[in-house]
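Asks: Please see the structure below; I have some questions.
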Amino acid sequence: MRKSRSPKRSRRWDSAPDEDPAAGLLNLFDVWLVFSVSLLIAFVAYARMPELMNSRSDMTLVKNPGQADMEIITKKGTVIERFRATNQKLGGEGEKLGVAYRLKSGEVVYVPEDGGGAGAMPRPPK
């Protein structure tokens, strides 16, 4: 008579661990993370302001020019400062540099005091 075999014989491929079903989700999370970072970089490049990302560059940004809530934002290196326009009158000593005229087209023309050339700056639309 033959001896009975063990209920299950151990084989090499049977001892391999089962694959974790959550491993695929972790890979999807990595792909999503790379996609979101690349999208953020694309938005900064689209705004054409890579100076914001560079610590060695300086820039000045004017928000709402000519309006009551106008702001001037300056960046020098890593320091960002905000200046808000106010209705306060300032006083002090100084010298007259020239005269500015607003044309019918809405442009502002500055004429220096010494009679040199004039420069035109378009007025922001209302």
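Letters A, B, ... go to the chains of the structure tokens in the order shown; residues in each chain start at 1; ligands are counted from 1 in the same order.
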Show which residues sit within 9 Å of stretch 84-88 of chain A, as a PyMOL selection string. Count only C-alpha atoms, and ignore same-chain residues fewer than 3 positions away.

Replies: chain A and resi 67-73

Asks: Between atom CA of A:Ile41 and atom CA of A:Asn54, what is the distance in Å, rounded to a tenth?

Replies: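 Going from atom CA of A:Ile41 over to atom CA of A:Asn54 covers 12.8 Å.
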
Asks: With a distance cut-off of 8 Å and only C-alpha atoms, select the neighbouring residues of A:Ser57, excluding the residue or stretch itself and same-chain residues fewer than 6 positions from it, and output the selection as a ChimeraX atom specification.

Replies: /A:51,75-77

Asks: Have a look at atom CA of A:Pro65 and atom CA of A:Val111 and let me know their distance in Å, one decimal.

Replies: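 Atom-to-atom, atom CA of A:Pro65 and atom CA of A:Val111 are spaced 21.2 Å apart.
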
Asks: Would you list the contacts of A:Leu97 as a ChimeraX atom specification, taking every protein, DNA or RNA residue within 10 Å and counting only C-alpha atoms, but skipping same-chain residues closer than 5 positions in sequence?

Replies: /A:110-114

Asks: Keeping N, CA and C atoms, export the residues of the selection given above as a compact mmCIF listing (two decimals), in the first residue's frame.

Replies:
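Ended up saving to out.txt:
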# COMPACT_ATOMS: atom_id res chain seq x y z
N TYR A 110 3.98 113.78 -21.46
CA TYR A 110 4.84 114.47 -20.50
C TYR A 110 5.84 115.32 -21.26
N VAL A 111 5.92 116.60 -20.92
CA VAL A 111 6.88 117.52 -21.54
C VAL A 111 7.87 117.94 -20.47
N PRO A 112 9.13 117.55 -20.61
CA PRO A 112 10.12 117.94 -19.60
C PRO A 112 10.29 119.45 -19.52
N GLU A 113 10.74 119.94 -18.39
CA GLU A 113 10.89 121.38 -18.15
C GLU A 113 11.93 122.01 -19.07
N ASP A 114 12.96 121.25 -19.46
CA ASP A 114 14.03 121.82 -20.28
C ASP A 114 13.65 121.92 -21.75

Asks: Quick one: pull the distance between atom CA of A:Leu90 and atom CA of A:Leu61, Å, one decimal.

Replies: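 Value for the atom CA of A:Leu90-atom CA of A:Leu61 distance: 23.1 Å.
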